[in-house]
Amino acid sequence: MRAFLFPGQGSQAVGMGTALSEASRAARDVFEQVDEALGQNLFRLMREGPDDELRLTENAQPAIMANAIAVFAALSREGGVDLVKAAEFVAGHSLGEYSALCAAGSFDLATTAKLLKLRGQAMQAAVPVGVGAMAALLGADLELAQKIADAAAQGEVCTVANDNDPSQVVLSGHKGAIDRAIAMAKDMGAKRAVALPVSAPFHCPLMQPAAEAMQDALSYVVVEEPVVPLYANVIAAPVTDPDSIRSLLVDQVTGMVRWRESISEMTDAGVDEFIELGGKVLGSMVKRTAPDAKVTSVVTIADIEALAKEIA
């Protein structure tokens, strides 16, 4: 059994999609449609930078989605891969959940781009720059990360944002609390704690204003039933009901990304092959959670052609 995975924030890089757009008409169409939907030359920013502008949440989120869906479009339209026949599930890390839903037909491409632009703007606006922060705990599991978060909070917000794999958990909250977590992490048993270069504290209660903005936005859009089930971040379980998907996407803004559990649950359900489209970030997390699984990252036209030959 197979699952298609879609990467989240942090997988953006200047130059992304350039070679793919030159090699694939289907990919080029995706970038053009996203630009048109947003009324912005996002693809030029993806190709040429500057990096600090691409890293802005409101640009990074639709850019990462566009790149992943361009890979998926080339794979399906030119490689002849039918998602329903090729995979039992889709899943995405944080914003990647929107990419997964776009690939599975729940959202059209223009709607996905607009929702992610808004999501990025709402997340950035929710907390003034400098008030929040995030940190990765390396060599720490969920239980230890929770203990560190509880000890560091001291009246401020400090929660687990991403349970990525058995040895990497991300904390999010007020900057003071995150600084305390970094300072005490090693003494409490973590191998290392690293402050993340993010502009807002994602997936924590401080994001409530962004959750409300997404609840409003999602109430106006059509959500179709996905052609294959989505393993949702906040419940680590498959979902197909459109109203449930809408609700879970709202919960996801403030809730924990239960990625390790999602991979474990998919493995328990029989998935033994994971294919990451448009990035190389999730593969290593998957291998640390499910060492026996086959993991493939599909980024280039050569990757797409090789995968199409294998599974089409």
# chains A, B, ... in the order shown; residues from 1 in each chain; ligands from 1
>>> residues_around(residues="Ser219 of chain A", least_positions_apart="4", cutoff="9 Å", atoms="only C-alpha atoms", output="PyMOL selection string")
chain A and resi 214-215+246
>>> select_by_dssp(residues="segment 92-312 of chain A", states="strand (DSSP E)", output="ChimeraX atom specification")
/A:92,132-138,158-165,168-174,192-195,230-232,237-239,273-277,294-298
>>> write_last_selection(atoms="C-alpha atoms", output="compact mmCIF listing (two decimals), in the first residue's frame")
# COMPACT_ATOMS: atom_id res chain seq x y z
CA GLY A 92 0.45 16.73 4.26
CA GLY A 132 6.33 34.41 19.63
CA ALA A 133 8.96 31.81 18.72
CA MET A 134 9.46 28.13 17.91
CA ALA A 135 12.21 25.65 18.75
CA ALA A 136 13.06 22.13 17.63
CA LEU A 137 13.99 19.63 20.31
CA LEU A 138 16.34 16.99 18.89
CA CYS A 158 4.58 26.88 25.51
CA THR A 159 3.11 23.87 23.74
CA VAL A 160 4.09 21.03 21.43
CA ALA A 161 3.47 22.22 17.86
CA ASN A 162 4.83 19.33 15.76
CA ASP A 163 5.44 15.74 16.84
CA ASN A 164 7.54 15.01 13.76
CA ASP A 165 9.22 11.71 14.55
CA GLN A 168 12.26 15.49 16.76
CA VAL A 169 9.53 17.53 18.41
CA VAL A 170 8.86 21.25 17.86
CA LEU A 171 7.68 23.66 20.58
CA SER A 172 5.78 26.88 19.96
CA GLY A 173 4.63 29.80 22.10
CA HIS A 174 5.73 33.06 23.70
CA ARG A 192 19.86 19.62 21.56
CA ALA A 193 17.38 22.50 21.23
CA VAL A 194 17.46 24.82 18.23
CA ALA A 195 15.54 28.07 17.74
CA LEU A 230 -6.71 12.28 3.97
CA TYR A 231 -4.76 11.40 7.12
CA ALA A 232 -5.50 14.59 9.06
CA ALA A 237 -6.65 9.37 11.35
CA PRO A 238 -8.24 9.18 7.89
CA VAL A 239 -11.09 11.51 6.96
CA GLU A 273 5.58 2.91 0.69
CA PHE A 274 5.57 6.70 1.16
CA ILE A 275 6.09 9.11 -1.73
CA GLU A 276 6.89 12.76 -0.96
CA LEU A 277 5.95 15.12 -3.78
CA LYS A 294 10.10 2.47 1.30
CA VAL A 295 10.45 6.25 0.99
CA THR A 296 10.76 8.13 -2.30
CA SER A 297 11.20 11.89 -2.77
CA VAL A 298 9.94 13.19 -6.12
>>> closest_residue(among="A:Asp268, A:Asp251, A:Asp51, A:Glu310", to="Ala211 of chain A", atoms="only C-alpha atoms")
A:Asp251
>>> closest_residue(among="A:Lys85, A:Thr111, A:Leu144, A:Lys117", to="Ser167 of chain A", atoms="only C-alpha atoms")
A:Leu144
>>> residues_around(residues="Leu56 of chain A", least_positions_apart="5", cutoff="9 Å", atoms="only C-alpha atoms", output="VMD selection string")
chain A and resid 51 61 120 124 198 to 199
>>> select_by_dssp(residues="segment 115-215 of chain A", states="helix (DSSP H, G or I)", output="number ranges by chain")
A: 115-126, 142-153, 175-185, 205-215
>>> atom_distance(atom1="atom CA of Lys309 of chain A", atom2="atom CA of Leu75 of chain A")
10.1 Å
>>> residues_around(residues="Ala122 of chain A", least_positions_apart="4", cutoff="12 Å", atoms="only C-alpha atoms", output="VMD selection string")
chain A and resid 57 to 58 61 115 to 118 126 to 128 200 202 206 to 217 253
>>> write_last_selection(atoms="C-alpha atoms", output="PDB file, in the first residue's frame")
ATOM      1  CA  THR A  57       4.735  33.044   5.385  1.00  0.00           C
ATOM      2  CA  GLU A  58       2.163  34.494   3.001  1.00  0.00           C
ATOM      3  CA  GLN A  61       2.793  28.693   1.897  1.00  0.00           C
ATOM      4  CA  LEU A 115      -6.697  29.883   1.094  1.00  0.00           C
ATOM      5  CA  LEU A 116      -2.957  29.467   1.706  1.00  0.00           C
ATOM      6  CA  LYS A 117      -2.232  33.120   0.933  1.00  0.00           C
ATOM      7  CA  LEU A 118      -4.872  34.093   3.480  1.00  0.00           C
ATOM      8  CA  ALA A 126      -2.029  36.875  14.728  1.00  0.00           C
ATOM      9  CA  VAL A 127       1.112  37.553  16.774  1.00  0.00           C
ATOM     10  CA  PRO A 128       3.364  40.648  16.531  1.00  0.00           C
ATOM     11  CA  ALA A 200       5.372  33.463  13.984  1.00  0.00           C
ATOM     12  CA  PHE A 202       2.615  28.267  14.504  1.00  0.00           C
ATOM     13  CA  LEU A 206      -1.545  32.182  20.133  1.00  0.00           C
ATOM     14  CA  MET A 207      -2.742  31.421  16.580  1.00  0.00           C
ATOM     15  CA  GLN A 208      -6.434  31.630  17.604  1.00  0.00           C
ATOM     16  CA  PRO A 209      -7.076  34.824  15.557  1.00  0.00           C
ATOM     17  CA  ALA A 210      -5.727  32.992  12.472  1.00  0.00           C
ATOM     18  CA  ALA A 211      -7.961  29.992  13.241  1.00  0.00           C
ATOM     19  CA  GLU A 212     -10.969  32.306  13.304  1.00  0.00           C
ATOM     20  CA  ALA A 213      -9.926  33.861   9.990  1.00  0.00           C
ATOM     21  CA  MET A 214      -9.641  30.407   8.418  1.00  0.00           C
ATOM     22  CA  GLN A 215     -12.979  29.321   9.852  1.00  0.00           C
ATOM     23  CA  ASP A 216     -14.589  32.308   8.147  1.00  0.00           C
ATOM     24  CA  ALA A 217     -12.749  31.741   4.842  1.00  0.00           C
ATOM     25  CA  VAL A 253      -4.056  26.241  12.969  1.00  0.00           C
TER      26      VAL A 253
END
>>> closest_residue(among="A:Ala74, A:Gly279, A:Ser244, A:Val222", to="Glu22 of chain A", atoms="only C-alpha atoms")
A:Ala74
>>> residues_around(residues="Phe43 of chain A", least_positions_apart="5", cutoff="12 Å", atoms="only C-alpha atoms", output="PDB file with N, CA and C atoms, in the first residue's frame")
ATOM      1  N   ALA A  13      12.749  27.136  -1.395  1.00  0.00           N
ATOM      2  CA  ALA A  13      14.103  27.574  -1.744  1.00  0.00           C
ATOM      3  C   ALA A  13      14.039  28.350  -3.056  1.00  0.00           C
ATOM      4  N   VAL A  14      14.823  29.397  -3.153  1.00  0.00           N
ATOM      5  CA  VAL A  14      14.877  30.156  -4.404  1.00  0.00           C
ATOM      6  C   VAL A  14      15.338  29.226  -5.526  1.00  0.00           C
ATOM      7  N   GLY A  15      14.629  29.272  -6.642  1.00  0.00           N
ATOM      8  CA  GLY A  15      14.910  28.390  -7.770  1.00  0.00           C
ATOM      9  C   GLY A  15      13.924  27.238  -7.866  1.00  0.00           C
ATOM     10  N   MET A  16      13.106  27.064  -6.846  1.00  0.00           N
ATOM     11  CA  MET A  16      12.174  25.933  -6.818  1.00  0.00           C
ATOM     12  C   MET A  16      11.221  25.995  -8.008  1.00  0.00           C
ATOM     13  N   GLY A  17      11.050  24.844  -8.655  1.00  0.00           N
ATOM     14  CA  GLY A  17      10.103  24.740  -9.759  1.00  0.00           C
ATOM     15  C   GLY A  17      10.633  25.171 -11.112  1.00  0.00           C
ATOM     16  N   THR A  18      11.807  25.813 -11.138  1.00  0.00           N
ATOM     17  CA  THR A  18      12.311  26.378 -12.400  1.00  0.00           C
ATOM     18  C   THR A  18      12.566  25.302 -13.446  1.00  0.00           C
ATOM     19  N   LEU A  20      11.608  22.232 -13.451  1.00  0.00           N
ATOM     20  CA  LEU A  20      10.391  21.458 -13.693  1.00  0.00           C
ATOM     21  C   LEU A  20       9.473  22.166 -14.680  1.00  0.00           C
ATOM     22  N   SER A  21       9.356  23.483 -14.542  1.00  0.00           N
ATOM     23  CA  SER A  21       8.477  24.240 -15.454  1.00  0.00           C
ATOM     24  C   SER A  21       9.001  24.208 -16.884  1.00  0.00           C
ATOM     25  N   ALA A  27       3.271  21.181 -15.321  1.00  0.00           N
ATOM     26  CA  ALA A  27       3.813  21.945 -14.193  1.00  0.00           C
ATOM     27  C   ALA A  27       3.711  23.438 -14.461  1.00  0.00           C
ATOM     28  N   ARG A  28       4.063  23.834 -15.682  1.00  0.00           N
ATOM     29  CA  ARG A  28       3.995  25.251 -16.064  1.00  0.00           C
ATOM     30  C   ARG A  28       2.576  25.785 -15.900  1.00  0.00           C
ATOM     31  N   ASP A  29       1.604  24.980 -16.288  1.00  0.00           N
ATOM     32  CA  ASP A  29       0.196  25.381 -16.151  1.00  0.00           C
ATOM     33  C   ASP A  29      -0.155  25.664 -14.693  1.00  0.00           C
ATOM     34  N   VAL A  30       0.347  24.828 -13.790  1.00  0.00           N
ATOM     35  CA  VAL A  30       0.068  25.020 -12.365  1.00  0.00           C
ATOM     36  C   VAL A  30       0.601  26.364 -11.889  1.00  0.00           C
ATOM     37  N   PHE A  31       1.862  26.656 -12.215  1.00  0.00           N
ATOM     38  CA  PHE A  31       2.456  27.920 -11.772  1.00  0.00           C
ATOM     39  C   PHE A  31       1.694  29.118 -12.349  1.00  0.00           C
ATOM     40  N   GLU A  32       1.285  29.013 -13.594  1.00  0.00           N
ATOM     41  CA  GLU A  32       0.531  30.112 -14.225  1.00  0.00           C
ATOM     42  C   GLU A  32      -0.828  30.299 -13.568  1.00  0.00           C
ATOM     43  N   GLN A  33      -1.501  29.196 -13.258  1.00  0.00           N
ATOM     44  CA  GLN A  33      -2.823  29.283 -12.618  1.00  0.00           C
ATOM     45  C   GLN A  33      -2.736  29.874 -11.214  1.00  0.00           C
ATOM     46  N   VAL A  34      -1.689  29.525 -10.476  1.00  0.00           N
ATOM     47  CA  VAL A  34      -1.511  30.076  -9.132  1.00  0.00           C
ATOM     48  C   VAL A  34      -1.245  31.572  -9.209  1.00  0.00           C
ATOM     49  N   ASP A  35      -0.386  31.995 -10.135  1.00  0.00           N
ATOM     50  CA  ASP A  35      -0.127  33.424 -10.327  1.00  0.00           C
ATOM     51  C   ASP A  35      -1.422  34.173 -10.636  1.00  0.00           C
ATOM     52  N   GLU A  36      -2.224  33.588 -11.508  1.00  0.00           N
ATOM     53  CA  GLU A  36      -3.480  34.234 -11.911  1.00  0.00           C
ATOM     54  C   GLU A  36      -4.452  34.309 -10.731  1.00  0.00           C
ATOM     55  N   LEU A  38      -3.800  34.444  -7.573  1.00  0.00           N
ATOM     56  CA  LEU A  38      -3.339  35.357  -6.526  1.00  0.00           C
ATOM     57  C   LEU A  38      -3.155  36.788  -7.023  1.00  0.00           C
ATOM     58  N   GLU A  48      13.460  33.499  -8.740  1.00  0.00           N
ATOM     59  CA  GLU A  48      14.533  34.493  -8.641  1.00  0.00           C
ATOM     60  C   GLU A  48      14.760  35.054  -7.241  1.00  0.00           C
ATOM     61  N   GLY A  49      13.817  34.848  -6.315  1.00  0.00           N
ATOM     62  CA  GLY A  49      13.932  35.445  -4.997  1.00  0.00           C
ATOM     63  C   GLY A  49      13.495  36.902  -4.999  1.00  0.00           C
ATOM     64  N   LEU A  54      10.601  35.347  -0.263  1.00  0.00           N
ATOM     65  CA  LEU A  54      10.009  34.026  -0.461  1.00  0.00           C
ATOM     66  C   LEU A  54       9.706  33.367   0.882  1.00  0.00           C
ATOM     67  N   ASN A  59       3.931  34.141   1.338  1.00  0.00           N
ATOM     68  CA  ASN A  59       4.462  33.702   0.047  1.00  0.00           C
ATOM     69  C   ASN A  59       4.907  32.239   0.083  1.00  0.00           C
ATOM     70  N   ALA A  60       5.547  31.854   1.186  1.00  0.00           N
ATOM     71  CA  ALA A  60       6.080  30.494   1.284  1.00  0.00           C
ATOM     72  C   ALA A  60       4.978  29.444   1.197  1.00  0.00           C
ATOM     73  N   PRO A  62       1.760  29.394  -0.262  1.00  0.00           N
ATOM     74  CA  PRO A  62       1.288  29.058  -1.609  1.00  0.00           C
ATOM     75  C   PRO A  62       2.396  28.580  -2.541  1.00  0.00           C
ATOM     76  N   ALA A  63       3.640  29.030  -2.328  1.00  0.00           N
ATOM     77  CA  ALA A  63       4.755  28.606  -3.188  1.00  0.00           C
ATOM     78  C   ALA A  63       5.063  27.125  -3.001  1.00  0.00           C
ATOM     79  N   ILE A  64       5.093  26.667  -1.759  1.00  0.00           N
ATOM     80  CA  ILE A  64       5.371  25.250  -1.483  1.00  0.00           C
ATOM     81  C   ILE A  64       4.258  24.384  -2.062  1.00  0.00           C
ATOM     82  N   MET A  65       3.017  24.842  -1.895  1.00  0.00           N
ATOM     83  CA  MET A  65       1.878  24.117  -2.478  1.00  0.00           C
ATOM     84  C   MET A  65       1.988  24.060  -3.991  1.00  0.00           C
ATOM     85  N   ALA A  66       2.277  25.207  -4.624  1.00  0.00           N
ATOM     86  CA  ALA A  66       2.361  25.257  -6.090  1.00  0.00           C
ATOM     87  C   ALA A  66       3.416  24.295  -6.611  1.00  0.00           C
ATOM     88  N   ASN A  67       4.557  24.241  -5.934  1.00  0.00           N
ATOM     89  CA  ASN A  67       5.632  23.345  -6.370  1.00  0.00           C
ATOM     90  C   ASN A  67       5.211  21.878  -6.238  1.00  0.00           C
ATOM     91  N   ALA A  70       2.580  21.090  -8.832  1.00  0.00           N
ATOM     92  CA  ALA A  70       3.204  21.028 -10.164  1.00  0.00           C
ATOM     93  C   ALA A  70       3.827  19.651 -10.392  1.00  0.00           C
TER      94      ALA A  70
END
>>> residues_around(residues="Asp272 of chain A", least_positions_apart="4", cutoff="10 Å", atoms="only C-alpha atoms", output="JSON, numbers by chain")
{"A": [1, 2, 3, 266, 267, 268, 290, 292, 293, 294, 295]}
>>> write_last_selection(atoms="N, CA and C atoms", output="PDB file, in the first residue's frame")
ATOM      1  N   MET A   1       0.839  -1.210   0.000  1.00  0.00           N
ATOM      2  CA  MET A   1       0.000   0.000   0.000  1.00  0.00           C
ATOM      3  C   MET A   1       0.866   1.248   0.000  1.00  0.00           C
ATOM      4  N   ARG A   2       0.314   2.302  -0.562  1.00  0.00           N
ATOM      5  CA  ARG A   2       1.098   3.506  -0.804  1.00  0.00           C
ATOM      6  C   ARG A   2       0.375   4.750  -0.298  1.00  0.00           C
ATOM      7  N   ALA A   3       1.150   5.728   0.189  1.00  0.00           N
ATOM      8  CA  ALA A   3       0.597   7.036   0.558  1.00  0.00           C
ATOM      9  C   ALA A   3       1.418   8.132  -0.106  1.00  0.00           C
ATOM     10  N   MET A 266      -0.682   4.948   9.523  1.00  0.00           N
ATOM     11  CA  MET A 266      -0.738   4.502   8.125  1.00  0.00           C
ATOM     12  C   MET A 266       0.021   3.184   7.952  1.00  0.00           C
ATOM     13  N   THR A 267       1.165   3.091   8.635  1.00  0.00           N
ATOM     14  CA  THR A 267       1.946   1.844   8.578  1.00  0.00           C
ATOM     15  C   THR A 267       1.135   0.677   9.140  1.00  0.00           C
ATOM     16  N   ASP A 268       0.467   0.933  10.267  1.00  0.00           N
ATOM     17  CA  ASP A 268      -0.378  -0.105  10.881  1.00  0.00           C
ATOM     18  C   ASP A 268      -1.541  -0.493   9.963  1.00  0.00           C
ATOM     19  N   ALA A 290       9.141   4.905  10.634  1.00  0.00           N
ATOM     20  CA  ALA A 290       8.850   3.593  10.027  1.00  0.00           C
ATOM     21  C   ALA A 290      10.077   3.131   9.247  1.00  0.00           C
ATOM     22  N   ASP A 292      11.286   0.443   8.158  1.00  0.00           N
ATOM     23  CA  ASP A 292      11.171  -0.582   7.116  1.00  0.00           C
ATOM     24  C   ASP A 292      10.415  -0.103   5.882  1.00  0.00           C
ATOM     25  N   ALA A 293       9.813   1.070   5.955  1.00  0.00           N
ATOM     26  CA  ALA A 293       9.022   1.575   4.828  1.00  0.00           C
ATOM     27  C   ALA A 293       9.923   2.031   3.680  1.00  0.00           C
ATOM     28  N   LYS A 294       9.409   1.914   2.471  1.00  0.00           N
ATOM     29  CA  LYS A 294      10.097   2.470   1.302  1.00  0.00           C
ATOM     30  C   LYS A 294       9.712   3.939   1.188  1.00  0.00           C
ATOM     31  N   VAL A 295      10.698   4.810   1.066  1.00  0.00           N
ATOM     32  CA  VAL A 295      10.446   6.254   0.987  1.00  0.00           C
ATOM     33  C   VAL A 295      11.073   6.808  -0.280  1.00  0.00           C
TER      34      VAL A 295
END
